[in-house]
>>> print(open('data.cif').read())   # mmCIF, C-alpha atoms
data_work
#
loop_
_atom_site.label_atom_id
_atom_site.label_comp_id
_atom_site.auth_asym_id
_atom_site.auth_seq_id
_atom_site.Cartn_x
_atom_site.Cartn_y
_atom_site.Cartn_z
CA MET A 14 -25.53 -20.53 -25.28
CA ASP A 15 -22.43 -19.85 -27.35
CA PHE A 16 -20.03 -17.66 -25.42
CA SER A 17 -17.58 -15.27 -27.03
CA ASP A 18 -13.95 -16.23 -27.46
CA ARG A 19 -12.89 -13.08 -25.64
CA ILE A 20 -14.72 -13.94 -22.41
CA GLN A 21 -13.36 -17.48 -22.45
CA ARG A 22 -9.78 -16.14 -22.60
CA VAL A 23 -9.95 -15.04 -18.96
CA GLU A 24 -10.54 -16.56 -15.53
CA PRO A 25 -12.36 -14.97 -12.58
CA SER A 26 -10.29 -12.68 -10.36
CA ALA A 27 -8.12 -14.79 -8.03
CA THR A 28 -8.27 -12.19 -5.27
CA LEU A 29 -12.05 -12.10 -5.32
CA ALA A 30 -12.17 -15.89 -5.46
CA ILE A 31 -10.20 -16.12 -2.21
CA SER A 32 -12.44 -13.52 -0.59
CA ASN A 33 -15.49 -15.51 -1.64
CA LEU A 34 -14.08 -18.71 -0.12
CA ALA A 35 -13.27 -16.87 3.10
CA ALA A 36 -16.81 -15.50 3.19
CA GLU A 37 -18.23 -19.02 2.79
CA LEU A 38 -16.16 -20.25 5.73
CA GLU A 39 -17.30 -17.31 7.84
CA ALA A 40 -20.91 -18.02 6.90
CA ASP A 41 -20.37 -21.52 8.31
CA GLY A 42 -19.20 -20.02 11.59
CA ALA A 43 -15.42 -20.05 11.12
CA ASP A 44 -13.29 -17.18 12.42
CA VAL A 45 -11.20 -16.26 9.37
CA VAL A 46 -8.33 -13.78 9.56
CA ASP A 47 -8.61 -12.22 6.12
CA LEU A 48 -5.22 -11.07 4.85
CA SER A 49 -6.33 -11.26 1.22
CA VAL A 50 -8.30 -8.05 0.96
CA GLY A 51 -7.21 -5.20 -1.29
CA GLU A 52 -8.90 -2.40 0.59
CA PRO A 53 -8.12 -0.26 3.64
CA ASP A 54 -9.87 -1.33 6.83
CA PHE A 55 -10.60 2.29 7.76
CA PRO A 56 -13.92 4.06 7.30
CA THR A 57 -14.24 6.71 4.64
CA PRO A 58 -13.29 10.05 6.25
CA GLU A 59 -16.35 11.70 7.78
CA ASN A 60 -15.99 14.94 5.81
CA VAL A 61 -16.13 12.93 2.57
CA VAL A 62 -19.24 11.05 3.73
CA GLU A 63 -20.90 14.33 4.66
CA ALA A 64 -20.03 15.83 1.27
CA GLY A 65 -21.69 12.87 -0.45
CA GLN A 66 -24.78 13.17 1.74
CA GLU A 67 -25.02 16.91 1.14
CA ALA A 68 -24.68 16.36 -2.60
CA MET A 69 -27.58 13.89 -2.55
CA ALA A 70 -29.68 16.27 -0.47
CA ALA A 71 -28.92 19.03 -2.96
CA GLY A 72 -30.29 16.90 -5.79
CA HIS A 73 -27.02 15.77 -7.40
CA THR A 74 -28.50 12.40 -8.32
CA GLY A 75 -28.87 12.59 -12.09
CA TYR A 76 -26.49 12.06 -14.98
CA THR A 77 -23.38 14.21 -15.19
CA PRO A 78 -21.29 15.17 -18.21
CA SER A 79 -19.85 11.85 -19.36
CA ASN A 80 -16.22 12.66 -18.56
CA GLY A 81 -17.07 14.00 -15.10
CA ILE A 82 -18.36 17.12 -13.38
CA PRO A 83 -16.19 20.18 -14.10
CA GLU A 84 -15.38 20.71 -10.40
CA LEU A 85 -13.90 17.24 -10.01
CA ARG A 86 -12.02 17.23 -13.30
CA GLU A 87 -10.43 20.54 -12.34
CA ALA A 88 -9.60 19.26 -8.84
CA VAL A 89 -7.98 16.18 -10.38
CA ALA A 90 -6.02 18.34 -12.81
CA GLU A 91 -4.82 20.51 -9.91
CA LYS A 92 -3.68 17.42 -8.03
CA LEU A 93 -1.84 16.13 -11.09
CA ARG A 94 -0.18 19.49 -11.66
CA ASP A 95 1.02 19.33 -8.05
CA ASP A 96 2.61 16.00 -9.01
CA GLY A 97 4.45 17.74 -11.86
CA LEU A 98 2.12 16.65 -14.66
CA ASP A 99 1.02 19.31 -17.14
CA TYR A 100 -2.67 18.41 -17.29
CA GLU A 101 -5.84 20.48 -17.56
CA ALA A 102 -9.41 19.38 -16.91
CA ASP A 103 -9.80 18.46 -20.60
CA ASN A 104 -7.08 15.83 -20.14
CA VAL A 105 -9.14 13.94 -17.52
CA ILE A 106 -11.90 11.32 -17.61
CA VAL A 107 -13.59 10.42 -14.31
CA THR A 108 -14.63 6.77 -14.07
CA PRO A 109 -16.54 4.50 -11.67
CA GLY A 110 -13.33 3.14 -10.13
CA ALA A 111 -9.72 3.13 -11.30
CA LYS A 112 -10.25 -0.39 -12.65
CA GLN A 113 -12.64 1.06 -15.21
CA SER A 114 -9.99 3.64 -16.11
CA LEU A 115 -7.50 0.87 -16.82
CA TYR A 116 -10.06 -1.11 -18.81
CA GLU A 117 -10.94 1.88 -20.99
CA ALA A 118 -7.28 2.75 -21.58
CA VAL A 119 -6.40 -0.80 -22.61
CA GLN A 120 -9.44 -1.10 -24.88
CA THR A 121 -8.55 2.22 -26.51
CA LEU A 122 -4.89 1.37 -27.11
CA VAL A 123 -4.68 -2.39 -27.77
CA ASP A 124 -5.71 -4.19 -30.97
CA ASP A 125 -5.79 -7.92 -31.75
CA GLY A 126 -2.27 -9.29 -31.62
CA ASP A 127 -0.65 -6.22 -30.07
CA GLU A 128 2.15 -6.92 -27.61
CA VAL A 129 1.70 -5.65 -24.05
CA VAL A 130 4.56 -5.89 -21.54
CA LEU A 131 3.80 -6.53 -17.87
CA LEU A 132 6.19 -6.34 -14.93
CA ASP A 133 5.70 -9.43 -12.78
CA PRO A 134 4.40 -9.77 -10.16
CA ALA A 135 1.51 -7.83 -11.67
CA TRP A 136 -2.01 -7.12 -10.45
CA VAL A 137 -4.28 -9.92 -11.64
CA SER A 138 -6.65 -7.83 -13.77
CA TYR A 139 -4.00 -6.45 -16.13
CA GLU A 140 -3.71 -9.83 -17.82
CA ALA A 141 -7.47 -10.21 -18.15
CA MET A 142 -7.87 -6.72 -19.60
CA VAL A 143 -5.19 -7.33 -22.22
CA LYS A 144 -6.70 -10.67 -23.20
CA LEU A 145 -10.17 -9.15 -23.49
CA ALA A 146 -8.70 -6.59 -25.89
CA GLY A 147 -7.07 -9.33 -27.95
CA GLY A 148 -3.52 -8.42 -26.98
CA ARG A 149 -0.66 -10.81 -26.31
CA LEU A 150 1.42 -10.65 -23.15
CA ASN A 151 5.17 -10.44 -22.72
CA ARG A 152 6.05 -10.68 -19.04
CA VAL A 153 9.21 -9.53 -17.25
CA ASP A 154 9.94 -11.29 -13.95
CA LEU A 155 11.21 -8.95 -11.21
CA SER A 156 11.20 -11.55 -8.44
CA PRO A 157 14.97 -12.23 -8.78
CA HIS A 158 15.50 -8.54 -7.96
CA ASP A 159 13.38 -8.38 -4.79
CA PHE A 160 10.63 -7.00 -7.04
CA GLN A 161 12.54 -3.80 -7.83
CA LEU A 162 12.64 -2.52 -11.40
CA GLU A 163 16.02 -0.77 -11.50
CA PRO A 164 18.10 -3.99 -11.37
CA GLY A 165 15.66 -5.55 -13.85
CA LEU A 166 16.00 -2.88 -16.54
CA ASP A 167 18.18 -5.11 -18.73
CA ASP A 168 15.46 -7.76 -18.65
CA LEU A 169 12.86 -5.14 -19.57
CA GLY A 170 15.10 -3.93 -22.38
CA GLU A 171 15.27 -7.43 -23.80
CA ALA A 172 11.48 -7.75 -23.64
CA MET A 173 10.63 -4.46 -25.34
CA SER A 174 10.99 -3.83 -29.05
CA ASP A 175 9.48 -1.81 -31.86
CA ASP A 176 6.67 -4.41 -31.84
CA THR A 177 5.66 -3.46 -28.29
CA GLU A 178 2.45 -1.45 -28.22
CA LEU A 179 1.97 -0.90 -24.49
CA LEU A 180 3.85 -1.20 -21.18
CA VAL A 181 2.04 -1.21 -17.83
CA VAL A 182 3.92 0.23 -14.83
CA ASN A 183 2.42 0.08 -11.33
CA SER A 184 4.34 1.95 -8.64
CA PRO A 185 3.72 1.61 -5.70
CA SER A 186 3.01 -1.94 -6.73
CA ASN A 187 0.20 -4.34 -6.03
CA PRO A 188 1.14 -7.04 -5.00
CA THR A 189 4.71 -6.28 -3.91
CA GLY A 190 4.58 -2.80 -2.38
CA ALA A 191 7.67 -1.88 -4.40
CA VAL A 192 8.19 1.80 -5.24
CA TYR A 193 10.31 2.14 -8.36
CA SER A 194 13.26 4.51 -8.20
CA ASP A 195 13.65 7.57 -10.41
CA GLU A 196 16.55 5.78 -12.09
CA ALA A 197 14.25 2.88 -12.92
CA LEU A 198 11.59 5.18 -14.33
CA ALA A 199 14.21 7.04 -16.36
CA GLY A 200 15.14 3.67 -17.83
CA VAL A 201 11.50 3.08 -18.70
CA ARG A 202 11.44 6.50 -20.38
CA ASP A 203 14.49 5.64 -22.49
CA LEU A 204 12.99 2.36 -23.66
CA ALA A 205 9.55 3.84 -24.31
CA VAL A 206 10.95 6.68 -26.38
CA ASP A 207 13.40 4.43 -28.27
CA HIS A 208 10.65 2.00 -29.25
CA ASP A 209 7.76 4.49 -29.47
CA VAL A 210 5.75 2.69 -26.78
CA THR A 211 2.75 4.00 -24.85
CA VAL A 212 2.88 3.45 -21.07
CA ILE A 213 0.06 3.15 -18.56
CA SER A 214 1.25 4.42 -15.18
CA ASP A 215 -1.02 2.96 -12.52
CA GLU A 216 -0.54 5.20 -9.46
CA ILE A 217 -3.51 4.09 -7.36
CA TYR A 218 -1.31 3.52 -4.26
CA GLN A 219 0.63 6.77 -4.69
CA ALA A 220 -0.49 8.23 -1.32
CA ILE A 221 0.49 5.12 0.68
CA THR A 222 4.29 5.01 1.03
CA TYR A 223 6.83 4.63 3.83
CA GLY A 224 9.81 6.90 3.34
CA ALA A 225 9.87 6.44 -0.44
CA GLU A 226 8.61 9.24 -2.67
CA PRO A 227 7.01 7.92 -5.87
CA THR A 228 7.47 9.96 -9.03
CA SER A 229 4.79 10.15 -11.72
CA LEU A 230 6.15 8.61 -14.89
CA GLY A 231 4.58 11.27 -17.09
CA THR A 232 6.86 13.94 -15.57
CA PHE A 233 9.95 12.57 -17.34
CA ASP A 234 11.09 14.23 -20.55
CA GLY A 235 9.42 12.67 -23.55
CA MET A 236 6.73 10.88 -21.54
CA ALA A 237 3.87 13.42 -21.37
CA GLU A 238 2.66 12.54 -24.87
CA ARG A 239 2.95 8.77 -24.36
CA THR A 240 1.76 8.23 -20.76
CA VAL A 241 -1.72 7.43 -19.45
CA THR A 242 -1.79 8.27 -15.72
CA VAL A 243 -4.34 6.27 -13.70
CA ASN A 244 -5.35 7.00 -10.12
CA GLY A 245 -8.42 7.00 -7.93
CA PHE A 246 -9.98 7.33 -4.51
CA SER A 247 -10.36 3.74 -3.28
CA LYS A 248 -7.01 3.28 -1.56
CA ALA A 249 -5.91 6.76 -0.47
CA TYR A 250 -9.30 7.80 0.91
CA SER A 251 -10.72 4.38 1.85
CA MET A 252 -13.51 4.81 -0.70
CA THR A 253 -13.52 1.37 -2.30
CA GLY A 254 -17.29 0.98 -2.42
CA TRP A 255 -17.83 4.51 -3.73
CA ARG A 256 -16.29 3.43 -7.06
CA LEU A 257 -14.44 6.56 -8.18
CA GLY A 258 -11.29 6.81 -10.27
CA TYR A 259 -9.80 8.74 -13.15
CA PHE A 260 -7.24 8.69 -15.88
CA ALA A 261 -5.42 11.49 -17.65
CA GLY A 262 -3.48 11.71 -20.87
CA PRO A 263 -3.10 13.57 -24.17
CA GLU A 264 -6.34 15.11 -25.47
CA GLU A 265 -6.40 12.77 -28.48
CA LEU A 266 -6.44 9.76 -26.12
CA ILE A 267 -9.17 11.34 -24.01
CA SER A 268 -11.24 11.96 -27.13
CA GLN A 269 -10.95 8.35 -28.28
CA ALA A 270 -11.39 6.76 -24.84
CA GLY A 271 -14.36 9.04 -24.20
CA LYS A 272 -16.29 7.18 -26.88
CA LEU A 273 -15.96 3.89 -25.00
CA HIS A 274 -16.70 5.63 -21.71
CA SER A 275 -19.91 7.21 -22.99
CA HIS A 276 -21.16 3.98 -24.56
CA SER A 277 -20.42 1.81 -21.50
CA VAL A 278 -20.78 3.45 -18.09
CA SER A 279 -22.16 6.83 -19.25
CA CYS A 280 -20.64 8.60 -16.22
CA ALA A 281 -19.49 8.09 -12.66
CA THR A 282 -22.14 8.53 -9.96
CA ASN A 283 -23.06 12.18 -9.52
CA PHE A 284 -22.99 12.64 -5.74
CA VAL A 285 -19.88 10.44 -5.47
CA GLN A 286 -18.05 12.86 -7.74
CA HIS A 287 -18.90 15.72 -5.38
CA ALA A 288 -17.52 13.66 -2.50
CA GLY A 289 -14.38 13.19 -4.57
CA VAL A 290 -13.82 16.94 -4.73
CA GLU A 291 -13.92 17.05 -0.93
CA ALA A 292 -11.52 14.11 -0.67
CA LEU A 293 -8.94 15.76 -2.89
CA ARG A 294 -9.08 19.14 -1.21
CA ASN A 295 -9.67 18.54 2.52
CA THR A 296 -8.55 15.08 3.60
CA ASP A 297 -4.75 15.14 3.93
CA GLU A 298 -4.76 14.65 7.71
CA ALA A 299 -6.94 11.53 7.58
CA VAL A 300 -4.73 10.04 4.85
CA GLU A 301 -1.59 10.68 6.91
CA GLU A 302 -3.12 8.94 9.95
CA MET A 303 -4.04 5.92 7.85
CA VAL A 304 -0.55 5.68 6.33
CA GLU A 305 1.03 5.88 9.80
CA ALA A 306 -1.11 2.94 10.91
CA PHE A 307 -0.11 0.92 7.84
CA ALA A 308 3.56 1.68 8.53
CA GLU A 309 3.22 0.31 12.08
CA ARG A 310 1.51 -2.83 10.80
CA ARG A 311 4.15 -3.36 8.13
CA SER A 312 6.92 -3.23 10.74
CA PHE A 313 4.97 -5.52 13.05
CA LEU A 314 4.39 -8.11 10.31
CA LEU A 315 8.02 -8.06 9.16
CA ASP A 316 9.20 -8.50 12.77
CA ARG A 317 6.83 -11.40 13.43
CA LEU A 318 7.83 -13.16 10.22
CA GLY A 319 11.48 -12.57 11.06
CA GLU A 320 10.97 -14.29 14.41
CA GLU A 321 9.81 -17.36 12.48
CA GLY A 322 12.80 -17.23 10.14
CA VAL A 323 10.81 -15.92 7.18
CA GLU A 324 12.56 -13.23 5.14
CA ALA A 325 10.38 -11.17 2.82
CA PRO A 326 11.30 -8.10 0.74
CA GLU A 327 10.34 -4.97 2.66
CA PRO A 328 7.56 -3.09 0.87
CA ASP A 329 7.98 0.67 0.37
CA GLY A 330 4.32 1.36 -0.35
CA ALA A 331 0.75 0.04 -0.62
CA PHE A 332 -0.29 -2.41 2.12
CA TYR A 333 0.91 -5.74 0.76
CA LEU A 334 3.86 -8.01 1.36
CA MET A 335 5.00 -10.93 -0.80
CA MET A 336 5.91 -13.81 1.50
CA PRO A 337 7.91 -16.79 0.18
CA VAL A 338 6.00 -20.04 0.71
CA ALA A 339 6.02 -23.54 -0.82
CA ASP A 340 6.63 -24.07 -4.54
CA ASP A 341 2.95 -24.93 -4.89
CA ASP A 342 1.69 -21.60 -3.58
CA GLN A 343 -1.90 -22.37 -4.59
CA ALA A 344 -1.94 -25.46 -2.37
CA TRP A 345 -0.25 -23.53 0.45
CA CYS A 346 -2.89 -20.79 0.36
CA GLU A 347 -5.71 -23.34 0.27
CA GLN A 348 -4.19 -25.14 3.26
CA ALA A 349 -3.76 -21.85 5.12
CA LEU A 350 -7.41 -21.02 4.58
CA GLU A 351 -8.84 -24.47 5.31
CA GLU A 352 -6.62 -25.47 8.26
CA ALA A 353 -5.51 -22.17 9.81
CA HIS A 354 -8.46 -20.06 8.66
CA VAL A 355 -6.05 -17.43 7.32
CA ALA A 356 -6.88 -16.00 3.89
CA THR A 357 -4.02 -15.01 1.58
CA VAL A 358 -3.64 -14.85 -2.21
CA PRO A 359 -1.39 -17.21 -4.21
CA GLY A 360 1.56 -15.44 -5.80
CA SER A 361 1.01 -17.39 -9.02
CA ALA A 362 -2.13 -15.31 -9.57
CA PHE A 363 0.22 -12.33 -10.01
CA GLY A 364 2.86 -14.17 -12.01
CA ALA A 365 5.01 -14.95 -8.95
CA PRO A 366 4.77 -18.65 -8.05
CA GLY A 367 6.24 -19.61 -4.70
CA TYR A 368 4.86 -16.58 -2.88
CA ALA A 369 1.68 -15.57 -1.09
CA ARG A 370 0.43 -12.01 -1.02
CA ILE A 371 -0.26 -10.83 2.50
CA SER A 372 -2.40 -7.74 3.03
CA TYR A 373 -1.71 -5.90 6.28
CA ALA A 374 -4.93 -3.91 5.98
CA ASN A 375 -5.92 -5.41 9.32
CA SER A 376 -5.20 -4.74 12.99
CA THR A 377 -1.87 -5.76 14.53
CA GLU A 378 -3.81 -8.08 16.84
CA ARG A 379 -5.35 -9.98 13.92
CA ILE A 380 -2.08 -9.97 11.97
CA GLY A 381 -0.32 -11.47 14.98
CA GLU A 382 -3.06 -14.06 15.37
CA ALA A 383 -2.71 -15.00 11.70
CA VAL A 384 1.02 -15.60 12.10
CA ASP A 385 0.37 -17.72 15.21
CA ARG A 386 -2.20 -19.81 13.34
CA LEU A 387 0.15 -20.37 10.39
CA VAL A 388 2.90 -21.47 12.80
CA ASP A 389 0.54 -23.84 14.60
CA ALA A 390 -0.44 -25.36 11.23
CA ASP A 391 3.26 -25.88 10.32
CA LEU A 392 2.91 -23.45 7.42
CA LEU A 393 5.69 -21.15 8.65
#
>>> encode(input="data.cif", output="structure tokens")
Amino acid sequence: MDFSDRIQRVEPSATLAISNLAAELEADGADVVDLSVGEPDFPTPENVVEAGQEAMAAGHTGYTPSNGIPELREAVAEKLRDDGLDYEADNVIVTPGAKQSLYEAVQTLVDDGDEVVLLDPAWVSYEAMVKLAGGRLNRVDLSPHDFQLEPGLDDLGEAMSDDTELLVVNSPSNPTGAVYSDEALAGVRDLAVDHDVTVISDEIYQAITYGAEPTSLGTFDGMAERTVTVNGFSKAYSMTGWRLGYFAGPEELISQAGKLHSHSVSCATNFVQHAGVEALRNTDEAVEEMVEAFAERRSFLLDRLGEEGVEAPEPDGAFYLMMPVADDDQAWCEQALEEAHVATVPGSAFGAPGYARISYANSTERIGEAVDRLVDADLL
């Protein structure tokens, strides 16, 4: 077979590759502490599960309007208005997962040769999505600034120009857990307006923060007409397998992106959308309990690493930590998995060589055991 150039521009997801290797070891009987996963280790809240079951029992198993059922689009718009964004239901497309939202936005906005700016470390799939659309990447390294954007604004300013088509901002960040300050986002606004650049604001970890209050980029003056806001249900509501996300933006964008949406996935799953309404409206307490548990685990992990002399930037959100390791982070992660049976993700997969991404979406007992194993294997 002759394969397309576009598919040969990209590699498989590094995070899923690590998970697959860990699964193979477990299938062979190994006890692997998996600190590579990008999903909460909590069950979906029971009221959300019940809402999905009731929706199926009520016959909500057919196609829906392509952009989503009216109840969910309105619930999403209400949530976004609470965040300070002036959106109505017509500004929203519901997708099978936030990843699909990002893919559709990039495909709608990026042409062959268009420049897209990423803030490194950046989630692995941004690069693949841009390459599939034919775009070219210009990357800004935030690792010298403990992964914070505000001290890196001069670097971003040097990277952006009138030739920049799109900037992707992810706060709270995967893989760093950084929450960008309002001053940093105001700097993004100034650059985007000056150079007439569209910005994707990926806010999938918005609900998972520790003392920091993330601001939606689209709330800044001049950004409403140039921001695509992406969010979803996987992280906040522990609904990864339900595959439910959304994006919102100007009606012209929604009209254009809706064409791709209708010709690709048709619609998100019907009964899952009804569960999404329940999640948005009646699940705050469960989310708070989950975030409290993540906060405890974050502190525990930082303390344990500190005991071993490892200093890592303290994350303000999400459930990841970037730990400095050997220069060859790929080899370090492979050794950690093969010898210590601890799964992590190489920082180079995110544009941050010399680090490993640690997910603390696991119990304190297992996190502690992972640190012990890495010490015993002379990896810490």
>>> closest_residue(input="data.cif", among="A:Asp167, A:Leu85, A:Thr228, A:His276", to="Val290 of chain A", atoms="only C-alpha atoms")
A:Leu85
>>> residues_around(input="data.cif", residues="Glu101 of chain A", least_positions_apart="6", cutoff="10 Å", atoms="all atoms listed in the file", output="list in words")
Arg86, Glu87, Ala88, Val89, Ala90, Glu91, Leu93, Arg94, Ala261, Gly262, Pro263 and Glu264 of chain A
>>> closest_residue(input="data.cif", among="A:Glu163, A:Glu351, A:Glu327, A:Glu216", to="Glu196 of chain A", atoms="all atoms listed in the file")
A:Glu163
>>> residues_around(input="data.cif", residues="segment 168-175 of chain A", least_positions_apart="4", cutoff="10 Å", atoms="only C-alpha atoms", output="PDB file with C-alpha atoms, keeping the file's coordinate frame")
ATOM      1  CA  GLU A 128       2.150  -6.920 -27.610  1.00  0.00           C
ATOM      2  CA  VAL A 129       1.700  -5.650 -24.050  1.00  0.00           C
ATOM      3  CA  VAL A 130       4.560  -5.890 -21.540  1.00  0.00           C
ATOM      4  CA  LEU A 131       3.800  -6.530 -17.870  1.00  0.00           C
ATOM      5  CA  LEU A 132       6.190  -6.340 -14.930  1.00  0.00           C
ATOM      6  CA  ASN A 151       5.170 -10.440 -22.720  1.00  0.00           C
ATOM      7  CA  ARG A 152       6.050 -10.680 -19.040  1.00  0.00           C
ATOM      8  CA  VAL A 153       9.210  -9.530 -17.250  1.00  0.00           C
ATOM      9  CA  ASP A 154       9.940 -11.290 -13.950  1.00  0.00           C
ATOM     10  CA  LEU A 155      11.210  -8.950 -11.210  1.00  0.00           C
ATOM     11  CA  LEU A 162      12.640  -2.520 -11.400  1.00  0.00           C
ATOM     12  CA  GLU A 163      16.020  -0.770 -11.500  1.00  0.00           C
ATOM     13  CA  PRO A 164      18.100  -3.990 -11.370  1.00  0.00           C
ATOM     14  CA  LEU A 179       1.970  -0.900 -24.490  1.00  0.00           C
ATOM     15  CA  LEU A 180       3.850  -1.200 -21.180  1.00  0.00           C
ATOM     16  CA  GLY A 200      15.140   3.670 -17.830  1.00  0.00           C
ATOM     17  CA  VAL A 201      11.500   3.080 -18.700  1.00  0.00           C
ATOM     18  CA  ASP A 203      14.490   5.640 -22.490  1.00  0.00           C
ATOM     19  CA  LEU A 204      12.990   2.360 -23.660  1.00  0.00           C
ATOM     20  CA  ALA A 205       9.550   3.840 -24.310  1.00  0.00           C
ATOM     21  CA  ASP A 207      13.400   4.430 -28.270  1.00  0.00           C
ATOM     22  CA  HIS A 208      10.650   2.000 -29.250  1.00  0.00           C
ATOM     23  CA  ASP A 209       7.760   4.490 -29.470  1.00  0.00           C
ATOM     24  CA  VAL A 210       5.750   2.690 -26.780  1.00  0.00           C
TER      25      VAL A 210
END
>>> residues_near_point(input="data.cif", point="(-1.6, -21.7, -0.8)", cutoff="6 Å", atoms="all atoms listed in the file", output="number ranges by chain")
A: 342-348, 359
>>> atom_distance(input="data.cif", atom1="atom CA of Leu315 of chain A", atom2="atom CA of Leu29 of chain A")
25.1 Å
>>> atom_distance(input="data.cif", atom1="atom CA of Ala292 of chain A", atom2="atom CA of Thr253 of chain A")
13.0 Å
>>> resolve_selection(input="data.cif", expression="the PyMOL selection byres ((chain A and resi 363-365) around 7)", output="mmCIF file with C-alpha atoms, keeping the file's coordinate frame")
data_model
loop_
_atom_site.group_PDB
_atom_site.id
_atom_site.type_symbol
_atom_site.label_atom_id
_atom_site.label_comp_id
_atom_site.auth_asym_id
_atom_site.auth_seq_id
_atom_site.Cartn_x
_atom_site.Cartn_y
_atom_site.Cartn_z
ATOM 1 C CA ASP A 133 5.700 -9.430 -12.780
ATOM 2 C CA PRO A 134 4.400 -9.770 -10.160
ATOM 3 C CA ALA A 135 1.510 -7.830 -11.670
ATOM 4 C CA TRP A 136 -2.010 -7.120 -10.450
ATOM 5 C CA VAL A 137 -4.280 -9.920 -11.640
ATOM 6 C CA GLY A 360 1.560 -15.440 -5.800
ATOM 7 C CA SER A 361 1.010 -17.390 -9.020
ATOM 8 C CA ALA A 362 -2.130 -15.310 -9.570
ATOM 9 C CA PRO A 366 4.770 -18.650 -8.050
ATOM 10 C CA GLY A 367 6.240 -19.610 -4.700
ATOM 11 C CA TYR A 368 4.860 -16.580 -2.880
#
>>> axis_aligned_box(input="data.cif", around="segment 322-332 of chain A", padding_each_side="5 Å", output="AutoDock Vina command-line options")
--center_x 6.3 --center_y -7.9 --center_z 4.8 --size_x 23.1 --size_y 28.6 --size_z 20.8
>>> atom_distance(input="data.cif", atom1="atom CA of Pro337 of chain A", atom2="atom CA of Ala369 of chain A")
6.5 Å
>>> closest_residue(input="data.cif", among="A:Ala191, A:Trp255, A:Val181, A:Val388", to="Gly322 of chain A", atoms="all atoms listed in the file")
A:Val388
>>> resolve_selection(input="data.cif", expression="the PyMOL selection byres ((chain A and resi 58) around 8)", output="PyMOL selection string")
chain A and resi 56-57+59-62+250-251+296+299
>>> residues_around(input="data.cif", residues="Val285 of chain A", least_positions_apart="4", cutoff="9 Å", atoms="all atoms listed in the file", output="PyMOL selection string")
chain A and resi 64-65+68-69+255-257+281+289-290
>>> residues_around(input="data.cif", residues="Asp125 of chain A", least_positions_apart="3", cutoff="12 Å", atoms="only C-alpha atoms", output="ChimeraX atom specification")
/A:19,119-122,128-129,143-150,178
>>> write_last_selection(input="data.cif", atoms="C-alpha atoms", output="compact mmCIF listing (two decimals), in the frame of the given file")
# COMPACT_ATOMS: atom_id res chain seq x y z
CA ARG A 19 -12.89 -13.08 -25.64
CA VAL A 119 -6.40 -0.80 -22.61
CA GLN A 120 -9.44 -1.10 -24.88
CA THR A 121 -8.55 2.22 -26.51
CA LEU A 122 -4.89 1.37 -27.11
CA GLU A 128 2.15 -6.92 -27.61
CA VAL A 129 1.70 -5.65 -24.05
CA VAL A 143 -5.19 -7.33 -22.22
CA LYS A 144 -6.70 -10.67 -23.20
CA LEU A 145 -10.17 -9.15 -23.49
CA ALA A 146 -8.70 -6.59 -25.89
CA GLY A 147 -7.07 -9.33 -27.95
CA GLY A 148 -3.52 -8.42 -26.98
CA ARG A 149 -0.66 -10.81 -26.31
CA LEU A 150 1.42 -10.65 -23.15
CA GLU A 178 2.45 -1.45 -28.22
>>> resolve_selection(input="data.cif", expression="the PyMOL selection byres ((chain A and resi 232-243) around 9)", output="PyMOL selection string")
chain A and resi 96-99+111-112+114-115+118+198-199+202-203+205-206+209-217+228-231+244-245+258-263+266
>>> residues_around(input="data.cif", residues="Glu24 of chain A", least_positions_apart="5", cutoff="10 Å", atoms="all atoms listed in the file", output="short mmCIF file (atom, residue, chain, number, x, y, z; two decimals) with C-alpha atoms, keeping the file's coordinate frame")
data_model
loop_
_atom_site.label_atom_id
_atom_site.label_comp_id
_atom_site.auth_asym_id
_atom_site.auth_seq_id
_atom_site.Cartn_x
_atom_site.Cartn_y
_atom_site.Cartn_z
CA VAL A 137 -4.28 -9.92 -11.64
CA SER A 138 -6.65 -7.83 -13.77
CA GLU A 140 -3.71 -9.83 -17.82
CA ALA A 141 -7.47 -10.21 -18.15
#
